[in-house]
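Just below is one structure, and these are the notes that go with it.
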Protein chains: 2
Amino acid sequence: MAQEGADEPPELTSSTGFLLARLGAESRRRWARMLSERGLSPHHFGVLMALDQHGETHQQRLCEAIGVDPRNAVPIFDTLEAHSLIARTSDQTDRRKRAVVITAAGRTTVDELRRTGAALDHDLLAGLTDHQRTTLHRLLLKVFDTIVDSNHSTITMPAQPADRSAASRT
Amino acid sequence: MAQEGADEPPELTSSTGFLLARLGAESRRRWARMLSERGLSPHHFGVLMALDQHGETHQQRLCEAIGVDPRNAVPIFDTLEAHSLIARTSDQTDRRKRAVVITAAGRTTVDELRRTGAALDHDLLAGLTDHQRTTLHRLLLKVFDTIVDSNHSTITMPAQPADRSAASRT
DNA sequence: TATTGTTATACTCTATAACTATA
DNA sequence: TATAGTTATAGAGTATAACAATA
């Protein structure tokens with residue numbers, strides 16, 4: 001288990017995965033409260049964020065990104081489309097798939113929410129230094145890659161670099 | 001944002017809190033599946049773990065430890081008591097409170113589950129080195145302390161050092 | 001036959017309101 | 001009045017089964 005310094009905390013929560021679940025619930029709770037003021041849920045924001053970063057994709061990849069079963073995702077996409085934050089079209093190469101794109105309004109919304117969310121991060125990570133926050137984020141990203149890769153055999157998102165620059169802000 | 005090396009991943013999930021929520025859900029999902037085979041939920045395990053580490057406490061402190069509203073915690077304690085994994089008695093100094101203790105069977109169970117959970121951790125954190133896992137765990141613990149302290153004004157668990165040694169195992 | 005998206009449904013978890021008993 | 005625990009209930013989130021359209 002690799003010996004650290006001597007200031008290792010007793011235990012409190014011996015399993016990292018369980019501690020992750022505990023903190024994740026707390027974080028989601030705060031996000032949900034903030035987002036509910038705009039009629040959105042964490043899943044809605046997750047879809048917008050994934051679309052904003054990766055550009056057009058189909059629903060199943062988005063479901064994987066936000067960790068929601070496709071069976072439960074339909075109402076999520078419906079709501080986003082009803083709010084004109086995304087648009088769904090039929091994929092021409094494979095008509096089973098529905099291509100999803102973020103709209104200009106969706107892009108504005110996700111940028112707004114991201115800024116507001118930064119305040120939540122600030123509170124949540126108040127006990128960490130800037131360097132520790134960066135380290136934590138980097139490690140969590142690595143874990144994220146692991147679970148996405150393990151669910152399917154080889155999937156890492158198409159990485160179609162949506163012309164994000166067109167909506168340059170701030 | 002403190003410049004790291006140059007191998008910083010693009011973004012994927014810009015908010016640490018949101019990424020935490022995403023990974024926490026995945027982790028909880030895996031724990032839930034493992035625990036369901038024994039008729040338990042993540043909350044049940046959380047209670048047992050907190051009791052095993054901190055000894056006797058009352059219900060509200062346990063609720064805070066596992067992040068569950070006291071209103072939703074009653075069935076959790078009831079189930080644990082029905083399985084004889086915990087025992088509830090009336091606190092003599094304040095008869096409103098119900099003192100909760102872990103039983104010998106509960107201690108055996110939590111040790112078993114902790115070992116089984118280690119396999120889950122291994123899979124979940126497969127992308128990290130041992131050192132990175134230790135770092136991640138330490139950072140998450142710090143965040144945990146932050147949110148517990150922020151919810152109430154000053155609470156850090158009584159730290160009554162239950163005679164854990166009596167159940168020495170392995 | 002396998003995959004994408006969908007519907008219906010049941011189940012779990014969480015949040016809101018109000019009540020009892022103790023302090 | 002405030003707190004610990006409880007109950008009832010509605011809502012959000014998640015899992016199970018089955019289906020239509022397309023590949």
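Chain labels follow the order of the structure tokens: the first chain is A, the next B, and so on; residue numbering restarts at 1 in every chain, and ligands are counted from 1 in their shown order.
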Hey, which bits of chain B sit within 6 Å of chain A, and for each residue what's the closest pair of atoms and how far apart in Å (one decimal), counting only C-alpha atoms, rows by chain and increasing number, as JSON lines?
{"residue": "B:Thr16", "atom": "CA", "partner": "A:His137", "partner_atom": "CA", "distance": 5.5}
{"residue": "B:Gly17", "atom": "CA", "partner": "A:Asp121", "partner_atom": "CA", "distance": 5.5}
{"residue": "B:Leu20", "atom": "CA", "partner": "A:Gly24", "partner_atom": "CA", "distance": 4.9}
{"residue": "B:Ala21", "atom": "CA", "partner": "A:Gly24", "partner_atom": "CA", "distance": 3.9}
{"residue": "B:Gly24", "atom": "CA", "partner": "A:Ala21", "partner_atom": "CA", "distance": 3.9}
{"residue": "B:Ser27", "atom": "CA", "partner": "A:Ala21", "partner_atom": "CA", "distance": 5.7}
{"residue": "B:Arg28", "atom": "CA", "partner": "A:Ala21", "partner_atom": "CA", "distance": 5.2}
{"residue": "B:Asp121", "atom": "CA", "partner": "A:Gly17", "partner_atom": "CA", "distance": 5.5}
{"residue": "B:Leu125", "atom": "CA", "partner": "A:Val143", "partner_atom": "CA", "distance": 5.9}
{"residue": "B:Gly127", "atom": "CA", "partner": "A:Thr146", "partner_atom": "CA", "distance": 5.7}
{"residue": "B:His137", "atom": "CA", "partner": "A:Thr16", "partner_atom": "CA", "distance": 5.5}
{"residue": "B:Val143", "atom": "CA", "partner": "A:Leu125", "partner_atom": "CA", "distance": 5.9}
{"residue": "B:Thr146", "atom": "CA", "partner": "A:Gly127", "partner_atom": "CA", "distance": 5.7}
Considering only C-alpha atoms (C1' of nucleotides), return as a ChimeraX atom specification whatever protein or nucleic-acid residues lie within 9 Å of range 2-10 of chain C, sequence-local ones (same chain, fewer than 5 positions apart) excluded. /A:59-60,70-71,74,95-98 /D:15-23
Dump as a compact mmCIF listing (two decimals), in the first residue's frame, selection limited to N, CA and C atoms (P, O5', C5', C4', C3', O3' and C1' of nucleotides):
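For reference, part.txt as written:
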# COMPACT_ATOMS: atom_id res chain seq x y z
N GLN A 59 -26.98 9.69 -29.30
CA GLN A 59 -27.47 9.63 -27.93
C GLN A 59 -26.73 8.63 -27.05
N GLN A 60 -26.42 7.48 -27.60
CA GLN A 60 -25.81 6.46 -26.75
C GLN A 60 -24.46 6.89 -26.19
N PRO A 70 -29.61 4.38 -21.41
CA PRO A 70 -30.37 4.95 -22.52
C PRO A 70 -31.88 4.90 -22.30
N ARG A 71 -32.34 3.89 -21.57
CA ARG A 71 -33.78 3.81 -21.32
C ARG A 71 -34.28 4.97 -20.48
N VAL A 74 -34.20 9.21 -22.48
CA VAL A 74 -35.12 9.83 -23.45
C VAL A 74 -35.79 11.10 -22.90
N ARG A 95 -29.46 5.33 -40.04
CA ARG A 95 -30.71 6.01 -39.67
C ARG A 95 -31.30 5.55 -38.35
N ARG A 96 -30.65 4.58 -37.72
CA ARG A 96 -31.10 4.23 -36.38
C ARG A 96 -30.69 5.29 -35.38
N LYS A 97 -29.52 5.85 -35.63
CA LYS A 97 -28.96 6.84 -34.71
C LYS A 97 -29.63 8.20 -34.86
N ARG A 98 -29.67 8.91 -33.77
CA ARG A 98 -30.16 10.28 -33.81
C ARG A 98 -29.01 11.20 -33.43
P DA D 15 -29.10 1.80 -12.25
O5' DA D 15 -30.28 0.73 -12.31
C5' DA D 15 -30.65 0.03 -11.12
C4' DA D 15 -31.74 -0.98 -11.43
C3' DA D 15 -31.41 -1.98 -12.54
O3' DA D 15 -31.84 -3.28 -12.16
C1' DA D 15 -33.41 -0.82 -13.07
P DT D 16 -31.50 -4.51 -13.11
O5' DT D 16 -32.91 -4.89 -13.75
C5' DT D 16 -33.98 -5.29 -12.90
C4' DT D 16 -35.20 -5.69 -13.73
C3' DT D 16 -34.88 -6.54 -14.96
O3' DT D 16 -35.75 -7.67 -15.00
C1' DT D 16 -36.20 -4.67 -15.56
P DA D 17 -35.67 -8.71 -16.26
O5' DA D 17 -36.77 -8.13 -17.24
C5' DA D 17 -38.10 -7.95 -16.76
C4' DA D 17 -39.04 -7.70 -17.93
C3' DA D 17 -38.72 -8.51 -19.19
O3' DA D 17 -39.91 -9.11 -19.68
C1' DA D 17 -38.80 -6.18 -19.70
P DA D 18 -39.86 -10.06 -21.00
O5' DA D 18 -40.38 -9.06 -22.13
C5' DA D 18 -41.49 -8.20 -21.84
C4' DA D 18 -41.63 -7.18 -22.94
C3' DA D 18 -41.47 -7.73 -24.36
O3' DA D 18 -42.62 -7.43 -25.12
C1' DA D 18 -40.23 -5.74 -24.07
P DC D 19 -42.83 -8.11 -26.56
O5' DC D 19 -42.60 -6.89 -27.56
C5' DC D 19 -43.41 -5.72 -27.45
C4' DC D 19 -42.79 -4.57 -28.21
C3' DC D 19 -42.46 -4.87 -29.67
O3' DC D 19 -43.46 -4.29 -30.52
C1' DC D 19 -40.79 -3.54 -28.57
P DA D 20 -43.31 -4.48 -32.11
O5' DA D 20 -42.54 -3.16 -32.59
C5' DA D 20 -43.13 -1.88 -32.36
C4' DA D 20 -42.37 -0.80 -33.11
C3' DA D 20 -42.16 -1.08 -34.60
O3' DA D 20 -42.27 0.13 -35.34
C1' DA D 20 -40.05 -1.04 -33.49
P DA D 21 -42.09 0.07 -36.95
O5' DA D 21 -40.57 0.50 -37.18
C5' DA D 21 -40.13 1.77 -36.73
C4' DA D 21 -38.64 1.93 -36.97
C3' DA D 21 -38.20 1.61 -38.40
O3' DA D 21 -37.38 2.68 -38.88
C1' DA D 21 -36.88 0.41 -36.85
P DT D 22 -36.92 2.70 -40.44
O5' DT D 22 -35.45 2.10 -40.38
C5' DT D 22 -34.44 2.81 -39.67
C4' DT D 22 -33.24 1.90 -39.44
C3' DT D 22 -32.52 1.42 -40.70
O3' DT D 22 -31.32 2.15 -40.86
C1' DT D 22 -32.61 -0.23 -38.97
P DA D 23 -30.39 1.95 -42.13
O5' DA D 23 -29.40 0.80 -41.66
C5' DA D 23 -28.47 1.07 -40.62
C4' DA D 23 -27.78 -0.20 -40.18
C3' DA D 23 -27.05 -0.91 -41.28
O3' DA D 23 -25.66 -0.63 -41.21
C1' DA D 23 -28.25 -2.42 -39.84
Please provide as a PDB file with N, CA and C atoms (P, O5', C5', C4', C3', O3' and C1' of nucleotides), in the first residue's frame all residues within 10 Å of DG13 in chain D, with the sequence filter that same-chain residues fewer than 5 positions apart are discarded (counting only C-alpha atoms (C1' of nucleotides)).
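The file below, part.pdb, is the result:
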ATOM      1  N   VAL A  68     -25.858   7.456 -17.671  1.00  0.00           N
ATOM      2  CA  VAL A  68     -27.297   7.179 -17.573  1.00  0.00           C
ATOM      3  C   VAL A  68     -27.684   6.122 -18.597  1.00  0.00           C
ATOM      4  N   ASN A  72     -33.427   5.515 -19.659  1.00  0.00           N
ATOM      5  CA  ASN A  72     -33.834   6.619 -18.792  1.00  0.00           C
ATOM      6  C   ASN A  72     -33.444   7.973 -19.352  1.00  0.00           C
TER       7      ASN A  72
ATOM      8  P    DT C  12     -36.896  -2.057  -3.969  1.00  0.00           P
ATOM      9  O5'  DT C  12     -35.912  -0.810  -3.908  1.00  0.00           O
ATOM     10  C5'  DT C  12     -34.758  -0.790  -4.736  1.00  0.00           C
ATOM     11  C4'  DT C  12     -34.211   0.619  -4.834  1.00  0.00           C
ATOM     12  C3'  DT C  12     -33.918   1.286  -3.489  1.00  0.00           C
ATOM     13  O3'  DT C  12     -32.551   1.639  -3.454  1.00  0.00           O
ATOM     14  C1'  DT C  12     -35.113   2.752  -4.923  1.00  0.00           C
ATOM     15  P    DC C  13     -31.864   2.161  -2.099  1.00  0.00           P
ATOM     16  O5'  DC C  13     -31.762   3.740  -2.294  1.00  0.00           O
ATOM     17  C5'  DC C  13     -31.298   4.256  -3.534  1.00  0.00           C
ATOM     18  C4'  DC C  13     -31.701   5.714  -3.671  1.00  0.00           C
ATOM     19  C3'  DC C  13     -31.450   6.567  -2.418  1.00  0.00           C
ATOM     20  O3'  DC C  13     -30.621   7.658  -2.779  1.00  0.00           O
ATOM     21  C1'  DC C  13     -33.603   6.972  -3.301  1.00  0.00           C
ATOM     22  P    DT C  14     -30.086   8.669  -1.631  1.00  0.00           P
ATOM     23  O5'  DT C  14     -31.100   9.895  -1.748  1.00  0.00           O
ATOM     24  C5'  DT C  14     -31.240  10.564  -2.984  1.00  0.00           C
ATOM     25  C4'  DT C  14     -32.327  11.613  -2.893  1.00  0.00           C
ATOM     26  C3'  DT C  14     -32.202  12.554  -1.688  1.00  0.00           C
ATOM     27  O3'  DT C  14     -32.063  13.880  -2.154  1.00  0.00           O
ATOM     28  C1'  DT C  14     -34.427  11.748  -1.940  1.00  0.00           C
TER      29       DT C  14
END
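Within 12 Å of chain B, and counting only C-alpha atoms (C1' of nucleotides), chain D contributes DT3, DA4, DG5, DT6, DT7, DA8, DG13, DT14 and DA15 of chain D.
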One decimal place gives the CA of Leu85 in chain A-CA of Ala32 in chain A separation as 18.1 Å
If you run DSSP over the backbone, which residues in range 1-123 of chain A end up alpha helix (DSSP H)? Put them as a tab-separated table (two decimals) with N, CA, C and O atoms, in the first residue's frame.
chain	number	residue	atom	x	y	z
A	16	THR	N	-11.77	3.94	-1.03
A	16	THR	CA	-11.80	5.13	-1.86
A	16	THR	C	-13.09	5.19	-2.67
A	16	THR	O	-13.69	6.26	-2.82
A	17	GLY	N	-13.51	4.04	-3.19
A	17	GLY	CA	-14.73	4.00	-3.99
A	17	GLY	C	-15.94	4.41	-3.18
A	17	GLY	O	-16.83	5.11	-3.68
A	18	PHE	N	-15.98	3.99	-1.93
A	18	PHE	CA	-17.12	4.35	-1.10
A	18	PHE	C	-17.10	5.83	-0.74
A	18	PHE	O	-18.12	6.51	-0.76
A	19	LEU	N	-15.90	6.31	-0.44
A	19	LEU	CA	-15.74	7.73	-0.16
A	19	LEU	C	-16.14	8.56	-1.37
A	19	LEU	O	-16.78	9.61	-1.26
A	20	LEU	N	-15.79	8.06	-2.53
A	20	LEU	CA	-16.15	8.71	-3.79
A	20	LEU	C	-17.67	8.79	-3.93
A	20	LEU	O	-18.23	9.81	-4.32
A	21	ALA	N	-18.34	7.70	-3.59
A	21	ALA	CA	-19.79	7.67	-3.69
A	21	ALA	C	-20.41	8.67	-2.72
A	21	ALA	O	-21.37	9.37	-3.05
A	22	ARG	N	-19.85	8.74	-1.53
A	22	ARG	CA	-20.38	9.66	-0.51
A	22	ARG	C	-20.23	11.10	-0.95
A	22	ARG	O	-21.16	11.90	-0.85
A	23	LEU	N	-19.04	11.46	-1.43
A	23	LEU	CA	-18.80	12.83	-1.85
A	23	LEU	C	-19.54	13.16	-3.14
A	23	LEU	O	-20.01	14.28	-3.32
A	24	GLY	N	-19.63	12.17	-4.02
A	24	GLY	CA	-20.35	12.39	-5.26
A	24	GLY	C	-21.80	12.72	-5.01
A	24	GLY	O	-22.37	13.58	-5.68
A	25	ALA	N	-22.40	12.04	-4.03
A	25	ALA	CA	-23.79	12.31	-3.69
A	25	ALA	C	-23.95	13.74	-3.18
A	25	ALA	O	-24.90	14.44	-3.52
A	26	GLU	N	-23.01	14.15	-2.34
A	26	GLU	CA	-23.06	15.50	-1.80
A	26	GLU	C	-22.93	16.53	-2.91
A	26	GLU	O	-23.66	17.52	-2.96
A	27	SER	N	-21.99	16.28	-3.80
A	27	SER	CA	-21.77	17.22	-4.90
A	27	SER	C	-22.99	17.29	-5.81
A	27	SER	O	-23.43	18.37	-6.19
A	28	ARG	N	-23.54	16.14	-6.15
A	28	ARG	CA	-24.71	16.11	-7.02
A	28	ARG	C	-25.88	16.84	-6.37
A	28	ARG	O	-26.66	17.52	-7.03
A	29	ARG	N	-25.99	16.71	-5.05
A	29	ARG	CA	-27.06	17.39	-4.33
A	29	ARG	C	-26.96	18.90	-4.51
A	29	ARG	O	-27.95	19.58	-4.75
A	30	ARG	N	-25.73	19.41	-4.39
A	30	ARG	CA	-25.55	20.86	-4.52
A	30	ARG	C	-25.81	21.32	-5.95
A	30	ARG	O	-26.43	22.35	-6.19
A	31	TRP	N	-25.31	20.54	-6.90
A	31	TRP	CA	-25.55	20.87	-8.31
A	31	TRP	C	-27.04	20.83	-8.61
A	31	TRP	O	-27.58	21.70	-9.29
A	32	ALA	N	-27.72	19.83	-8.10
A	32	ALA	CA	-29.15	19.69	-8.38
A	32	ALA	C	-29.92	20.89	-7.87
A	32	ALA	O	-30.84	21.39	-8.52
A	33	ARG	N	-29.54	21.36	-6.69
A	33	ARG	CA	-30.24	22.51	-6.12
A	33	ARG	C	-30.03	23.75	-6.98
A	33	ARG	O	-30.97	24.51	-7.25
A	34	MET	N	-28.81	23.96	-7.42
A	34	MET	CA	-28.50	25.10	-8.26
A	34	MET	C	-29.22	25.01	-9.61
A	34	MET	O	-29.81	25.98	-10.08
A	35	LEU	N	-29.19	23.84	-10.19
A	35	LEU	CA	-29.78	23.67	-11.52
A	35	LEU	C	-31.31	23.71	-11.50
A	35	LEU	O	-31.93	24.10	-12.49
A	36	SER	N	-31.89	23.31	-10.36
A	36	SER	CA	-33.35	23.25	-10.30
A	36	SER	C	-33.96	24.64	-10.46
A	36	SER	O	-35.10	24.78	-10.90
A	42	PRO	N	-28.89	17.66	-13.05
A	42	PRO	CA	-27.48	17.37	-13.35
A	42	PRO	C	-27.29	16.64	-14.68
A	42	PRO	O	-26.31	16.89	-15.38
A	43	HIS	N	-28.21	15.75	-15.01
A	43	HIS	CA	-28.08	15.02	-16.27
A	43	HIS	C	-28.20	15.96	-17.46
A	43	HIS	O	-27.50	15.81	-18.46
A	44	HIS	N	-29.09	16.92	-17.36
A	44	HIS	CA	-29.23	17.89	-18.45
A	44	HIS	C	-27.92	18.63	-18.66
A	44	HIS	O	-27.45	18.79	-19.78
A	45	PHE	N	-27.35	19.09	-17.55
A	45	PHE	CA	-26.09	19.81	-17.65
A	45	PHE	C	-25.00	18.92	-18.21
A	45	PHE	O	-24.18	19.36	-19.02
A	46	GLY	N	-25.00	17.67	-17.80
A	46	GLY	CA	-24.01	16.73	-18.30
A	46	GLY	C	-24.05	16.58	-19.81
A	46	GLY	O	-23.02	16.56	-20.47
A	47	VAL	N	-25.24	16.49	-20.34
A	47	VAL	CA	-25.40	16.37	-21.79
A	47	VAL	C	-24.87	17.62	-22.48
A	47	VAL	O	-24.11	17.53	-23.45
A	48	LEU	N	-25.26	18.77	-21.98
A	48	LEU	CA	-24.82	20.02	-22.59
A	48	LEU	C	-23.30	20.15	-22.55
A	48	LEU	O	-22.66	20.55	-23.52
A	49	MET	N	-22.72	19.78	-21.43
A	49	MET	CA	-21.27	19.89	-21.28
A	49	MET	C	-20.56	18.94	-22.23
A	49	MET	O	-19.59	19.32	-22.89
A	50	ALA	N	-21.05	17.72	-22.33
A	50	ALA	CA	-20.43	16.75	-23.23
A	50	ALA	C	-20.55	17.21	-24.68
A	50	ALA	O	-19.60	17.10	-25.47
A	51	LEU	N	-21.69	17.75	-25.03
A	51	LEU	CA	-21.89	18.23	-26.40
A	51	LEU	C	-21.01	19.44	-26.69
A	51	LEU	O	-20.44	19.56	-27.78
A	52	ASP	N	-20.90	20.31	-25.72
A	52	ASP	CA	-20.11	21.52	-25.91
A	52	ASP	C	-18.64	21.20	-26.11
A	52	ASP	O	-17.93	21.91	-26.82
A	53	GLN	N	-18.21	20.11	-25.49
A	53	GLN	CA	-16.79	19.76	-25.58
A	53	GLN	C	-16.48	18.84	-26.74
A	53	GLN	O	-15.39	18.88	-27.29
A	54	HIS	N	-17.41	18.00	-27.12
A	54	HIS	CA	-17.12	17.00	-28.15
A	54	HIS	C	-17.87	17.20	-29.44
A	54	HIS	O	-17.66	16.47	-30.39
A	59	GLN	N	-26.98	9.69	-29.30
A	59	GLN	CA	-27.47	9.63	-27.93
A	59	GLN	C	-26.73	8.63	-27.05
A	59	GLN	O	-26.45	8.91	-25.89
A	60	GLN	N	-26.42	7.48	-27.60
A	60	GLN	CA	-25.81	6.46	-26.75
A	60	GLN	C	-24.46	6.89	-26.19
A	60	GLN	O	-24.12	6.58	-25.05
A	61	ARG	N	-23.69	7.59	-27.00
A	61	ARG	CA	-22.40	8.04	-26.48
A	61	ARG	C	-22.60	9.07	-25.37
A	61	ARG	O	-21.84	9.12	-24.41
A	62	LEU	N	-23.61	9.89	-25.54
A	62	LEU	CA	-23.89	10.87	-24.50
A	62	LEU	C	-24.36	10.18	-23.23
A	62	LEU	O	-23.99	10.58	-22.12
A	63	CYS	N	-25.14	9.15	-23.39
A	63	CYS	CA	-25.61	8.40	-22.23
A	63	CYS	C	-24.43	7.82	-21.45
A	63	CYS	O	-24.40	7.83	-20.22
A	64	GLU	N	-23.46	7.34	-22.19
A	64	GLU	CA	-22.29	6.79	-21.54
A	64	GLU	C	-21.50	7.88	-20.82
A	64	GLU	O	-21.00	7.66	-19.72
A	65	ALA	N	-21.42	9.03	-21.44
A	65	ALA	CA	-20.67	10.13	-20.85
A	65	ALA	C	-21.28	10.59	-19.52
A	65	ALA	O	-20.57	10.89	-18.58
A	66	ILE	N	-22.59	10.62	-19.46
A	66	ILE	CA	-23.24	11.11	-18.24
A	66	ILE	C	-23.62	9.97	-17.30
A	66	ILE	O	-24.13	10.21	-16.21
A	70	PRO	N	-29.61	4.38	-21.41
A	70	PRO	CA	-30.37	4.95	-22.52
A	70	PRO	C	-31.88	4.90	-22.30
A	70	PRO	O	-32.60	5.78	-22.78
A	71	ARG	N	-32.34	3.89	-21.57
A	71	ARG	CA	-33.78	3.81	-21.32
A	71	ARG	C	-34.28	4.97	-20.48
A	71	ARG	O	-35.44	5.34	-20.56
A	72	ASN	N	-33.43	5.52	-19.66
A	72	ASN	CA	-33.83	6.62	-18.79
A	72	ASN	C	-33.44	7.97	-19.35
A	72	ASN	O	-33.70	9.00	-18.73
A	73	ALA	N	-32.81	7.96	-20.51
A	73	ALA	CA	-32.28	9.21	-21.05
A	73	ALA	C	-33.25	9.93	-21.97
A	73	ALA	O	-33.10	11.13	-22.21
A	74	VAL	N	-34.20	9.21	-22.48
A	74	VAL	CA	-35.12	9.83	-23.45
A	74	VAL	C	-35.79	11.10	-22.90
A	74	VAL	O	-35.78	12.14	-23.57
A	75	PRO	N	-36.34	11.06	-21.70
A	75	PRO	CA	-36.96	12.28	-21.17
A	75	PRO	C	-35.96	13.42	-21.00
A	75	PRO	O	-36.33	14.59	-21.09
A	76	ILE	N	-34.71	13.07	-20.75
A	76	ILE	CA	-33.68	14.10	-20.59
A	76	ILE	C	-33.48	14.85	-21.90
A	76	ILE	O	-33.47	16.08	-21.95
A	77	PHE	N	-33.33	14.08	-22.98
A	77	PHE	CA	-33.16	14.72	-24.29
A	77	PHE	C	-34.42	15.49	-24.69
A	77	PHE	O	-34.33	16.57	-25.28
A	78	ASP	N	-35.56	14.93	-24.38
A	78	ASP	CA	-36.81	15.60	-24.72
A	78	ASP	C	-36.90	16.97	-24.07
A	78	ASP	O	-37.28	17.96	-24.71
A	79	THR	N	-36.55	17.01	-22.79
A	79	THR	CA	-36.61	18.28	-22.08
A	79	THR	C	-35.65	19.30	-22.68
A	79	THR	O	-36.01	20.46	-22.90
A	80	LEU	N	-34.43	18.85	-22.96
A	80	LEU	CA	-33.44	19.75	-23.53
A	80	LEU	C	-33.89	20.27	-24.89
A	80	LEU	O	-33.68	21.44	-25.23
A	81	GLU	N	-34.53	19.40	-25.67
A	81	GLU	CA	-35.01	19.82	-26.98
A	81	GLU	C	-36.19	20.78	-26.84
A	81	GLU	O	-36.31	21.75	-27.59
A	82	ALA	N	-37.02	20.52	-25.84
A	82	ALA	CA	-38.17	21.40	-25.60
A	82	ALA	C	-37.70	22.80	-25.21
A	82	ALA	O	-38.35	23.79	-25.54
A	104	ALA	N	-27.10	27.34	-30.09
A	104	ALA	CA	-26.44	28.54	-29.58
A	104	ALA	C	-26.93	28.84	-28.17
A	104	ALA	O	-26.15	29.18	-27.27
A	105	ALA	N	-28.23	28.69	-27.98
A	105	ALA	CA	-28.80	28.93	-26.65
A	105	ALA	C	-28.23	27.93	-25.65
A	105	ALA	O	-27.92	28.27	-24.51
A	106	GLY	N	-28.06	26.69	-26.09
A	106	GLY	CA	-27.50	25.68	-25.23
A	106	GLY	C	-26.07	26.00	-24.84
A	106	GLY	O	-25.65	25.78	-23.70
A	107	ARG	N	-25.35	26.55	-25.79
A	107	ARG	CA	-23.95	26.90	-25.53
A	107	ARG	C	-23.86	28.05	-24.53
A	107	ARG	O	-23.03	28.04	-23.63
A	108	THR	N	-24.74	29.00	-24.69
A	108	THR	CA	-24.79	30.11	-23.73
A	108	THR	C	-25.13	29.59	-22.34
A	108	THR	O	-24.49	29.96	-21.35
A	109	THR	N	-26.11	28.71	-22.29
A	109	THR	CA	-26.54	28.16	-21.01
A	109	THR	C	-25.42	27.39	-20.32
A	109	THR	O	-25.17	27.56	-19.13
A	110	VAL	N	-24.75	26.52	-21.07
A	110	VAL	CA	-23.73	25.69	-20.45
A	110	VAL	C	-22.56	26.54	-19.96
A	110	VAL	O	-21.96	26.24	-18.93
A	111	ASP	N	-22.26	27.61	-20.67
A	111	ASP	CA	-21.18	28.49	-20.21
A	111	ASP	C	-21.58	29.20	-18.93
A	111	ASP	O	-20.78	29.33	-18.00
A	112	GLU	N	-22.81	29.62	-18.88
A	112	GLU	CA	-23.33	30.26	-17.67
A	112	GLU	C	-23.27	29.31	-16.48
A	112	GLU	O	-22.78	29.65	-15.41
A	113	LEU	N	-23.78	28.12	-16.72
A	113	LEU	CA	-23.84	27.14	-15.64
A	113	LEU	C	-22.44	26.75	-15.18
A	113	LEU	O	-22.21	26.50	-14.00
A	114	ARG	N	-21.54	26.69	-16.12
A	114	ARG	CA	-20.17	26.33	-15.77
A	114	ARG	C	-19.56	27.38	-14.85
A	114	ARG	O	-18.84	27.05	-13.91
A	115	ARG	N	-19.87	28.62	-15.14
A	115	ARG	CA	-19.36	29.68	-14.26
A	115	ARG	C	-20.00	29.61	-12.89
A	115	ARG	O	-19.33	29.72	-11.86
A	116	THR	N	-21.31	29.43	-12.86
A	116	THR	CA	-21.99	29.31	-11.58
A	116	THR	C	-21.47	28.10	-10.81
A	116	THR	O	-21.29	28.15	-9.59
A	117	GLY	N	-21.23	27.03	-11.54
A	117	GLY	CA	-20.74	25.81	-10.91
A	117	GLY	C	-19.37	25.98	-10.30
A	117	GLY	O	-19.01	25.30	-9.35
A	118	ALA	N	-18.61	26.92	-10.82
A	118	ALA	CA	-17.27	27.17	-10.28
A	118	ALA	C	-17.36	27.61	-8.82
A	118	ALA	O	-16.49	27.29	-8.01
A	119	ALA	N	-18.44	28.30	-8.49
A	119	ALA	CA	-18.64	28.73	-7.11
A	119	ALA	C	-18.91	27.51	-6.22
A	119	ALA	O	-18.45	27.45	-5.08
A	120	LEU	N	-19.65	26.56	-6.77
A	120	LEU	CA	-19.91	25.32	-6.01
A	120	LEU	C	-18.60	24.58	-5.76
A	120	LEU	O	-18.35	24.09	-4.67
A	121	ASP	N	-17.79	24.49	-6.81
A	121	ASP	CA	-16.48	23.84	-6.66
A	121	ASP	C	-15.67	24.52	-5.57
A	121	ASP	O	-15.03	23.86	-4.76
A	122	HIS	N	-15.72	25.83	-5.58
A	122	HIS	CA	-14.94	26.59	-4.60
A	122	HIS	C	-15.32	26.22	-3.18
A	122	HIS	O	-14.46	26.03	-2.31
A	123	ASP	N	-16.62	26.12	-2.94
A	123	ASP	CA	-17.09	25.74	-1.61
A	123	ASP	C	-16.73	24.30	-1.28
A	123	ASP	O	-16.24	23.99	-0.20
Give the strand (DSSP E or B) residues of range 3-147 of chain A, as assigned by DSSP on the backbone, as number ranges by chain. A: 57-58, 86-90, 98-102
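Those residues of chain C that fall within 8 Å of chain B when using only C-alpha atoms (C1' of nucleotides) read DT14, DA21, DT22 and DA23 of chain C.
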Could you save the residues just selected, with N, CA and C atoms (P, O5', C5', C4', C3', O3' and C1' of nucleotides), as a short mmCIF file (atom, residue, chain, number, x, y, z; two decimals), in the first residue's frame?
data_model
loop_
_atom_site.label_atom_id
_atom_site.label_comp_id
_atom_site.auth_asym_id
_atom_site.auth_seq_id
_atom_site.Cartn_x
_atom_site.Cartn_y
_atom_site.Cartn_z
P DT C 14 -30.09 8.67 -1.63
"O5'" DT C 14 -31.10 9.90 -1.75
"C5'" DT C 14 -31.24 10.56 -2.98
"C4'" DT C 14 -32.33 11.61 -2.89
"C3'" DT C 14 -32.20 12.55 -1.69
"O3'" DT C 14 -32.06 13.88 -2.15
"C1'" DT C 14 -34.43 11.75 -1.94
P DA C 21 -46.24 11.01 22.56
"O5'" DA C 21 -44.78 11.33 23.09
"C5'" DA C 21 -43.76 10.34 22.99
"C4'" DA C 21 -42.43 10.95 23.41
"C3'" DA C 21 -42.52 11.74 24.72
"O3'" DA C 21 -42.09 10.95 25.86
"C1'" DA C 21 -41.25 12.90 23.01
P DT C 22 -40.57 10.58 25.95
"O5'" DT C 22 -39.84 11.69 26.79
"C5'" DT C 22 -38.44 11.58 26.86
"C4'" DT C 22 -37.74 12.80 26.28
"C3'" DT C 22 -37.15 13.73 27.36
"O3'" DT C 22 -35.82 13.38 27.58
"C1'" DT C 22 -37.90 14.88 25.38
P DA C 23 -35.15 13.94 28.90
"O5'" DA C 23 -34.67 15.41 28.50
"C5'" DA C 23 -33.69 15.55 27.49
"C4'" DA C 23 -33.60 17.00 27.07
"C3'" DA C 23 -33.30 17.96 28.21
"O3'" DA C 23 -31.91 18.29 28.21
"C1'" DA C 23 -34.92 18.82 26.66
#
